[in-house]
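See structure below.
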Amino acid sequence: MSTASAAAITPQSFKSGVKPVWCPGCGDYSVLSSITKALAALGLAPENAAIVSGIGCSSRIPAYTSCYGFHGVHGRALPAATGLKIARPDLTVIVAGGDGDGYSIGGNHFLHACRRNVDLTYVVMDNHVYGMTKGQPSPTTEPDWDSKLAPGGTGLREFHPLVIALASGANFIARAFSGDPNGTADLIAQAVRHPGFSFIEVLSPCVTYRPEQRGWKDAVRPASVAVTDDPARAARRLMTDDGFNLGVLYAGRRAPYRAAPQHEPQSPASLELDFAL
Amino acid sequence: MQQRDSVSLALAGSGGAGVMTAGNLLLEAAAQAGYYGLMVRTSGPQIRGGEAAALVRLACAPVDNLDDRFACLAAVDWQNIARFAAEIPLGPESLVVGDPAQGDPPPALAACGARYASLPLKALAKGIPGGWPNMVALGALAGLAGLPEDAVRAALEGTMKKGGAALAASVSAMRLGYAEAPKLGPFARLAPPQGGRRGDRWLLSGDEAAGYGAIRGGVRFVAAYPITPATELLEWMAPALAKVGGALVQAEDELASINMTLGASFGGVPALTATSGPGLSLMSEALGLAVAAEIPVVVVDVMRVGPSTGIATKTEQADLNIATRGLHGDAPHLVLAPNSVVDCVRTLRWAVHLAETLQAPAVVLADQFLGQSRAVVDRPADVAFAGGRKRASADDAAYQRYAITESGVSPMAIPGTPGVAYTADGLEHNERGTPSSQAPDHLAQLDKRARKLERADFGEHWADVEGEGELAVITWGSCTGPVREALARARAEGLRARLVSLRLIAPAQPERMARALDGVRRALVVEQNHGAQLLKYLRAEYTLEADLESFHRPGPLPILPGEIHRTLAQWGRP
Ligand SMILES: Cc1ncc(C[n+]2csc(CCOP(=O)(O)OP(=O)(O)O)c2C)c(N)n1
Ligand code: SF4
């Protein structure tokens, strides 16, 4: 398999054959297929890509691919991916997860991953709900959404991940919709190619706890304005956005994170000169 | 006047008085002159400035701990000196040196009966343009201890590399103080140094030693969040890692730092994080992941007084419980403890080796005393450990990441290796790594993970075992220094007793312990915490023939040899 030519690599090469635990109709199936399509389009060998996730329905994705996978703890996918990418800059690292994982328990890491600008691609399958724990409100849930844990709604304003990403320094910001797998695959491929921290918010319906999200297919539309590299324009656009504009909304020019400049490595034993009398 | 083979000197003063600089120079000078020594820093709660004291013990042989009393306390001023009364024990045989311009020593000091001698530090320093009182004090202390003046000058030259007028002024001020020393009354100086090549010695802190040991063990990735008293370890490692082709990342918190290290280690790069108790608490969930997904990682906990923020700058050994028992689920892992400043090199190197070989997390319990003390030590033997991480080879069609093996260890595929990709998972899994909630898979993987540690051969490094007799002291970490000294005193009085200083806390080594304690009927367990954590751990993990007694007390004051010797002396009585 290792010698398979790039031409032989298809989206199928990136599927592991493990059967997903997802509910029939869950948006995450399409996102999985978009990730495999993007990896094939990028001409990567599965062993040179790693998919890193936390916990949630969406975070199950790594084991469904034939890439190296890291299914860690709830909310900490970004740090794990950051460590992996800094230690192994040769790998293509994609981080995947849900809105609860990324914006709630992992919210602090989201800010700092944007700010640190390590060359990662972060795919959030946002369904405005905690799917895995059976239907509690997440940071992106509408204030009046009724649930057992928050009867009558939380009354809290939604978190706006794209605005936060921009303000925190993400270098590429896009929105995708799981109902458009080819468009999503294309955005993921662009995000991987773009240097630095790329963030893609994928509207991915939870058909079980938010069946009304099936209606998203009628709400989404391609963004009407072209991509910008100007953070001020992007800020204005994102602040006035209704949450359904698809496409690349910001592509910045920040240089990605680099670990300390590498010289010819010195022998570890030579460090004892620091102490020798 | 008699000579002594160890002398304890304290230099105190308010913020900006430069007592730490002078203390470090004193230690350097002693090292230059062929002596060993230890310097412990102590300061009030202020972030910067505020009163501080350098506690320096110089000796003809290596020293790992402070002595029961200080032979001399020199104070640049008396501001808040009473705060250090407990940390700088003095007795009638001690000498207190103060500047008459600062007034009389506070009554708290007079109570100990120490002899007082005045030395006009400020007035003498004024005589030299650019001269400082701390340099006069440095000269006086060096003179009292009997260090050659040339050694002090060499230390100044080594530290003030720019030379020029500043160096000249410091040397002159130091000389003035040095010349005053004989006028301070009778004071036993150090016996001549024992020889040995100065080039074969190091001067370093435990934090630096730990960082160095980790790099020698193979660590090339560190992620961490600053916390006293682990910060110096990180600050030493940042440039050192860059030199050897590694990287250090300052993480946004400890949740991030531990998960970053797991990501790096998953990528095949040996990784470490360092923290203190509060940070270790935050890392506990991810340590469970390291156990389940079998990802090697080393976590250094430089313990401080807890719980919570406790006394952040002071030493205690109270994280043994959380380190051994603080993980959720059945989660076998390694817990190690260095037992001296220089032992941090070996213990860290071993910890990296064990974590890598056994694909398990290793928690290393150092403490503030070891971490922040600076010591002159013999250059440690270059102990390399054979083994390391077993890696899967490419294109192995039968590869199973979590294969059940006799040793419990199964080869780990490293990203980039074709044909053996897998998903590292905190979900329980089958041998292939596919998530499984089946009882047999859970049991098989639990057994596998436990077996790795049960079957491992930890060799002779598990503990330092010394001496013979029917009595023993069992201890760990920074208590080892004072215990060794107490045992030496007791042996000189005819007591026959052994020392067992545990370097490997978990997994427990019942057979090795039984051999070490064969014939022992009475053992004292010495540790620095309020809850007798080691004693309770030993009772849970070992079946010991000997009657166990406990000597335990909390920080912040370091354990001194006399405290333990008092108990041992009672044992000696029929
Ligand atoms: C430390 C911790 N707290 C809580 C949980 C329980 N938990 C699992 S998934 C999840 C939320 C998942 O929601 P989201 O990230 O939006 O993903 P989705 O399931 O909707 O794809 C929670 C709270 C956990 N696994 N770990
Ligand atoms: S609960 Fe919702 S998010 Fe989870 S698998 Fe089912 S549909 Fe998807």
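Ordering of the structure tokens sets the chain letters (A, B, ...); residue numbers start at 1 within each chain; ligands are numbered from 1 in the order shown.
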Report task. Check every protein, DNA and RNA residue against ligand 2, keep those with an atom at most 7 Å away (counting only C-alpha atoms and all ligand atoms), and present them as a list in words. Result -> Val21, Trp22, Cys23, Gly25, Cys26, Gly27, Asp28, Cys57, Ser58, Asn127, Gly131, Met132, Lys134, Pro205, Cys206, Val207, Thr208 and Tyr209 of chain A
How would the residues just chosen look if you wrote them out with N, CA and C atoms as a PDB file, in the first residue's frame?
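And here's result34.pdb as it stands now:
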```pdb
ATOM      1  N   VAL A  21     -21.050   5.005  14.632  1.00  0.00           N
ATOM      2  CA  VAL A  21     -22.106   4.835  15.635  1.00  0.00           C
ATOM      3  C   VAL A  21     -23.247   5.837  15.424  1.00  0.00           C
ATOM      4  N   TRP A  22     -23.116   6.700  14.423  1.00  0.00           N
ATOM      5  CA  TRP A  22     -24.054   7.797  14.263  1.00  0.00           C
ATOM      6  C   TRP A  22     -25.476   7.342  13.911  1.00  0.00           C
ATOM      7  N   CYS A  23     -26.457   8.175  14.242  1.00  0.00           N
ATOM      8  CA  CYS A  23     -27.851   7.943  13.882  1.00  0.00           C
ATOM      9  C   CYS A  23     -27.992   8.064  12.356  1.00  0.00           C
ATOM     10  N   GLY A  25     -28.950   9.486   9.054  1.00  0.00           N
ATOM     11  CA  GLY A  25     -29.302  10.851   8.675  1.00  0.00           C
ATOM     12  C   GLY A  25     -28.468  11.922   9.341  1.00  0.00           C
ATOM     13  N   CYS A  26     -27.609  11.530  10.271  1.00  0.00           N
ATOM     14  CA  CYS A  26     -26.745  12.518  10.945  1.00  0.00           C
ATOM     15  C   CYS A  26     -25.853  13.206   9.913  1.00  0.00           C
ATOM     16  N   GLY A  27     -25.701  14.511  10.043  1.00  0.00           N
ATOM     17  CA  GLY A  27     -24.870  15.285   9.119  1.00  0.00           C
ATOM     18  C   GLY A  27     -23.412  14.834   9.103  1.00  0.00           C
ATOM     19  N   ASP A  28     -22.972  14.205  10.197  1.00  0.00           N
ATOM     20  CA  ASP A  28     -21.548  13.877  10.304  1.00  0.00           C
ATOM     21  C   ASP A  28     -21.087  12.858   9.255  1.00  0.00           C
ATOM     22  N   CYS A  57     -20.300  12.958  19.396  1.00  0.00           N
ATOM     23  CA  CYS A  57     -20.641  12.148  18.217  1.00  0.00           C
ATOM     24  C   CYS A  57     -19.662  12.465  17.095  1.00  0.00           C
ATOM     25  N   SER A  58     -19.526  13.763  16.809  1.00  0.00           N
ATOM     26  CA  SER A  58     -18.655  14.209  15.720  1.00  0.00           C
ATOM     27  C   SER A  58     -17.200  13.807  15.948  1.00  0.00           C
ATOM     28  N   ASN A 127     -23.828  21.507  15.476  1.00  0.00           N
ATOM     29  CA  ASN A 127     -25.252  21.146  15.405  1.00  0.00           C
ATOM     30  C   ASN A 127     -26.044  21.848  16.518  1.00  0.00           C
ATOM     31  N   GLY A 131     -24.955  16.293  21.186  1.00  0.00           N
ATOM     32  CA  GLY A 131     -25.602  15.095  20.674  1.00  0.00           C
ATOM     33  C   GLY A 131     -25.320  13.884  21.549  1.00  0.00           C
ATOM     34  N   MET A 132     -24.053  13.673  21.808  1.00  0.00           N
ATOM     35  CA  MET A 132     -23.641  12.436  22.483  1.00  0.00           C
ATOM     36  C   MET A 132     -24.290  12.282  23.856  1.00  0.00           C
ATOM     37  N   LYS A 134     -27.126  13.409  24.652  1.00  0.00           N
ATOM     38  CA  LYS A 134     -28.562  13.329  24.400  1.00  0.00           C
ATOM     39  C   LYS A 134     -29.329  14.619  24.634  1.00  0.00           C
ATOM     40  N   PRO A 205     -26.377  18.905  10.750  1.00  0.00           N
ATOM     41  CA  PRO A 205     -27.572  18.701  11.559  1.00  0.00           C
ATOM     42  C   PRO A 205     -27.519  17.476  12.465  1.00  0.00           C
ATOM     43  N   CYS A 206     -28.071  17.651  13.663  1.00  0.00           N
ATOM     44  CA  CYS A 206     -28.338  16.527  14.557  1.00  0.00           C
ATOM     45  C   CYS A 206     -29.808  16.171  14.345  1.00  0.00           C
ATOM     46  N   VAL A 207     -30.034  15.137  13.552  1.00  0.00           N
ATOM     47  CA  VAL A 207     -31.424  14.829  13.180  1.00  0.00           C
ATOM     48  C   VAL A 207     -32.210  14.254  14.355  1.00  0.00           C
ATOM     49  N   THR A 208     -31.496  13.800  15.371  1.00  0.00           N
ATOM     50  CA  THR A 208     -32.180  13.177  16.502  1.00  0.00           C
ATOM     51  C   THR A 208     -32.664  14.204  17.526  1.00  0.00           C
ATOM     52  N   TYR A 209     -31.787  15.109  17.911  1.00  0.00           N
ATOM     53  CA  TYR A 209     -32.191  16.068  18.949  1.00  0.00           C
ATOM     54  C   TYR A 209     -32.590  17.428  18.396  1.00  0.00           C
TER      55      TYR A 209
END
```
Requested in this report: Taking only C-alpha atoms into account, report as JSON, numbers by chain which residues of chain B lie within 6 Å of chain A.
Outcome: {"B": [199, 201, 202, 203, 204, 243, 244, 245, 256, 259, 260, 261, 263, 264, 267, 415, 416, 418, 421, 422, 423, 424, 425, 426]}
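Atom to atom, atom CA of B:Leu517 and atom CA of B:Ala450 stand 25.8 Å apart.
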Counting only C-alpha atoms and all ligand atoms, which residues of chain B fall within 12 Å of ligand 1, and what is the closest atom pair for each with its distance in Å at one decimal, ordered by chain and rising number, as a Markdown table?
```
| residue | atom | partner | partner_atom_place_in_ligand_line | distance |
| --- | --- | --- | --- | --- |
| B:Leu255 | CA | ligand 1 | 1 (C) | 11.0 |
| B:Leu282 | CA | ligand 1 | 1 (C) | 11.1 |
| B:Met283 | CA | ligand 1 | 1 (C) | 11.5 |
| B:Ser284 | CA | ligand 1 | 1 (C) | 10.7 |
| B:Glu285 | CA | ligand 1 | 1 (C) | 7.5 |
| B:Ala286 | CA | ligand 1 | 1 (C) | 9.6 |
| B:Gly288 | CA | ligand 1 | 1 (C) | 11.4 |
| B:Leu289 | CA | ligand 1 | 1 (C) | 11.4 |
| B:His328 | CA | ligand 1 | 1 (C) | 11.4 |
| B:Gly426 | CA | ligand 1 | 25 (N) | 10.3 |
| B:Leu427 | CA | ligand 1 | 25 (N) | 10.1 |
```
Requested in this report: Name the residues of stretch 420-570 of chain B that come out as strand (DSSP E) in a backbone DSSP run; write them as a VMD selection string.
Outcome: chain B and resid 423 to 425 463 to 467 471 to 476 497 to 502 504 to 506 522 to 527 547 to 552
Query raised in the report: What is the atom CA of B:Gly481-atom CA of B:Asn65 distance in Å, reported with one decimal?
Result: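 Straight-line distance from atom CA of B:Gly481 to atom CA of B:Asn65 works out to 5.2 Å.
Residue nearest B:Val409 within the list B:Ala223, B:Ala397, B:Arg455, B:Ala439: B:Arg455 [criterion: smallest interatomic distance, only C-alpha atoms].
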Give me the residues near A:Arg157 as a PDB file with all heavy atoms, in the first residue's frame, where near means some atom within 12 Å (using only C-alpha atoms) and where sequence neighbours in that chain fewer than 6 positions away do not count.
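Output contents, as saved in out.pdb:
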```pdb
ATOM      1  N   PRO A 137     -28.217  21.968  25.709  1.00  0.00           N
ATOM      2  CA  PRO A 137     -27.803  23.140  24.936  1.00  0.00           C
ATOM      3  C   PRO A 137     -26.283  23.304  24.919  1.00  0.00           C
ATOM      4  O   PRO A 137     -25.610  23.003  25.901  1.00  0.00           O
ATOM      5  CB  PRO A 137     -28.465  24.312  25.669  1.00  0.00           C
ATOM      6  CG  PRO A 137     -28.806  23.796  27.034  1.00  0.00           C
ATOM      7  CD  PRO A 137     -29.012  22.322  26.901  1.00  0.00           C
ATOM      8  N   SER A 138     -25.775  23.773  23.797  1.00  0.00           N
ATOM      9  CA  SER A 138     -24.342  24.054  23.658  1.00  0.00           C
ATOM     10  C   SER A 138     -24.172  25.570  23.565  1.00  0.00           C
ATOM     11  O   SER A 138     -25.161  26.302  23.547  1.00  0.00           O
ATOM     12  CB  SER A 138     -23.806  23.380  22.390  1.00  0.00           C
ATOM     13  OG  SER A 138     -23.944  24.253  21.279  1.00  0.00           O
ATOM     14  N   PRO A 139     -22.945  26.049  23.457  1.00  0.00           N
ATOM     15  CA  PRO A 139     -22.754  27.510  23.365  1.00  0.00           C
ATOM     16  C   PRO A 139     -23.403  28.124  22.120  1.00  0.00           C
ATOM     17  O   PRO A 139     -23.656  29.332  22.104  1.00  0.00           O
ATOM     18  CB  PRO A 139     -21.231  27.669  23.320  1.00  0.00           C
ATOM     19  CG  PRO A 139     -20.710  26.447  23.982  1.00  0.00           C
ATOM     20  CD  PRO A 139     -21.662  25.351  23.622  1.00  0.00           C
ATOM     21  N   THR A 140     -23.664  27.322  21.069  1.00  0.00           N
ATOM     22  CA  THR A 140     -24.259  27.906  19.862  1.00  0.00           C
ATOM     23  C   THR A 140     -25.776  27.681  19.792  1.00  0.00           C
ATOM     24  O   THR A 140     -26.411  28.000  18.794  1.00  0.00           O
ATOM     25  CB  THR A 140     -23.584  27.346  18.591  1.00  0.00           C
ATOM     26  OG1 THR A 140     -23.484  25.937  18.700  1.00  0.00           O
ATOM     27  CG2 THR A 140     -22.199  27.935  18.390  1.00  0.00           C
ATOM     28  N   THR A 141     -26.336  27.097  20.847  1.00  0.00           N
ATOM     29  CA  THR A 141     -27.783  26.855  20.860  1.00  0.00           C
ATOM     30  C   THR A 141     -28.563  28.167  21.029  1.00  0.00           C
ATOM     31  O   THR A 141     -28.134  29.046  21.789  1.00  0.00           O
ATOM     32  CB  THR A 141     -28.137  25.896  22.021  1.00  0.00           C
ATOM     33  OG1 THR A 141     -27.405  24.686  21.841  1.00  0.00           O
ATOM     34  CG2 THR A 141     -29.620  25.581  22.077  1.00  0.00           C
ATOM     35  N   GLU A 142     -29.684  28.266  20.343  1.00  0.00           N
ATOM     36  CA  GLU A 142     -30.526  29.452  20.433  1.00  0.00           C
ATOM     37  C   GLU A 142     -31.032  29.609  21.874  1.00  0.00           C
ATOM     38  O   GLU A 142     -31.332  28.619  22.535  1.00  0.00           O
ATOM     39  CB  GLU A 142     -31.733  29.318  19.492  1.00  0.00           C
ATOM     40  CG  GLU A 142     -31.390  29.062  18.024  1.00  0.00           C
ATOM     41  CD  GLU A 142     -30.936  27.633  17.703  1.00  0.00           C
ATOM     42  OE1 GLU A 142     -30.737  26.819  18.638  1.00  0.00           O
ATOM     43  OE2 GLU A 142     -30.766  27.332  16.504  1.00  0.00           O
ATOM     44  N   PRO A 143     -31.179  30.860  22.344  1.00  0.00           N
ATOM     45  CA  PRO A 143     -31.528  31.100  23.756  1.00  0.00           C
ATOM     46  C   PRO A 143     -32.872  30.496  24.172  1.00  0.00           C
ATOM     47  O   PRO A 143     -33.063  30.156  25.337  1.00  0.00           O
ATOM     48  CB  PRO A 143     -31.565  32.624  23.883  1.00  0.00           C
ATOM     49  CG  PRO A 143     -31.348  33.185  22.532  1.00  0.00           C
ATOM     50  CD  PRO A 143     -30.902  32.095  21.607  1.00  0.00           C
ATOM     51  N   ASP A 144     -33.795  30.342  23.241  1.00  0.00           N
ATOM     52  CA  ASP A 144     -35.130  29.879  23.633  1.00  0.00           C
ATOM     53  C   ASP A 144     -35.342  28.394  23.326  1.00  0.00           C
ATOM     54  O   ASP A 144     -36.468  27.910  23.369  1.00  0.00           O
ATOM     55  CB  ASP A 144     -36.202  30.726  22.916  1.00  0.00           C
ATOM     56  CG  ASP A 144     -36.037  30.672  21.404  1.00  0.00           C
ATOM     57  OD1 ASP A 144     -35.006  30.100  20.946  1.00  0.00           O
ATOM     58  OD2 ASP A 144     -36.909  31.191  20.686  1.00  0.00           O
ATOM     59  N   TRP A 145     -34.280  27.658  23.023  1.00  0.00           N
ATOM     60  CA  TRP A 145     -34.452  26.233  22.696  1.00  0.00           C
ATOM     61  C   TRP A 145     -34.727  25.436  23.973  1.00  0.00           C
ATOM     62  O   TRP A 145     -33.922  25.397  24.902  1.00  0.00           O
ATOM     63  CB  TRP A 145     -33.219  25.684  21.973  1.00  0.00           C
ATOM     64  CG  TRP A 145     -33.414  24.268  21.505  1.00  0.00           C
ATOM     65  CD1 TRP A 145     -34.244  23.828  20.519  1.00  0.00           C
ATOM     66  CD2 TRP A 145     -32.775  23.094  22.051  1.00  0.00           C
ATOM     67  NE1 TRP A 145     -34.158  22.461  20.400  1.00  0.00           N
ATOM     68  CE2 TRP A 145     -33.265  21.986  21.319  1.00  0.00           C
ATOM     69  CE3 TRP A 145     -31.840  22.888  23.065  1.00  0.00           C
ATOM     70  CZ2 TRP A 145     -32.861  20.681  21.574  1.00  0.00           C
ATOM     71  CZ3 TRP A 145     -31.436  21.582  23.320  1.00  0.00           C
ATOM     72  CH2 TRP A 145     -31.941  20.493  22.577  1.00  0.00           C
TER      73      TRP A 145
END
```
Report task. Can you list, as a VMD selection string, all residues belonging to stretch 365-564 of chain B that DSSP tags as helix (DSSP H, G or I)? Result -> chain B and resid 368 to 372 439 to 455 459 to 462 477 to 492 510 to 516 533 to 541 561 to 564
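Nearest residue to B:Glu51 among B:Ala351, B:Leu11, B:Ala31, B:Leu233 is B:Leu11, counting only C-alpha atoms.
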Query - Proximity to A:Arg253 - best of A:Gly169, A:His128, A:Arg236, A:Tyr103, only C-alpha atoms - result: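 Closest candidate: A:Gly169.
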Query - Spatial neighbours of B:Val363, max dist 6 Å, only C-alpha atoms, sep filter under 3 positions, as a list in words - result: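 Residues meeting the cut-off are Val298, Val299, Val300 and Val335 of chain B.
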Using only C-alpha atoms, please write the residues we just selected to a file, as a short mmCIF file (atom, residue, chain, number, x, y, z; two decimals), in the first residue's frame.
```cif
data_model
loop_
_atom_site.label_atom_id
_atom_site.label_comp_id
_atom_site.auth_asym_id
_atom_site.auth_seq_id
_atom_site.Cartn_x
_atom_site.Cartn_y
_atom_site.Cartn_z
CA VAL B 298 6.64 12.21 31.74
CA VAL B 299 5.04 14.66 34.17
CA VAL B 300 7.34 16.29 36.71
CA VAL B 335 5.50 7.21 39.98
#
```
Query raised in the report: Taking only C-alpha atoms into account, which of B:Arg489, B:Arg216, B:Arg484, B:Arg451 comes nearest B:Pro507?
Result: B:Arg451
Report task. Go through A:Thr36, A:Asn117, A:Thr133, A:Asn171 and flag the residue nearest A:Asp101, using only C-alpha atoms for the distances. Result ->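 Nearest to A:Asp101: A:Thr133.
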Query raised in the report: What is the distance, in Å and to one decimal place, between atom CA of A:Val202 and atom CA of A:Gly152?
Result: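 Taking atom CA of A:Val202 and atom CA of A:Gly152, their separation equals 26.7 Å.
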Report task. Rank nothing, just name the residue among A:Asp186, A:Arg210, A:Gly98, A:Glu201 nearest to A:Gly135, using only C-alpha atoms. Result ->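 With only C-alpha atoms as the atom set, the closest residue is A:Arg210.
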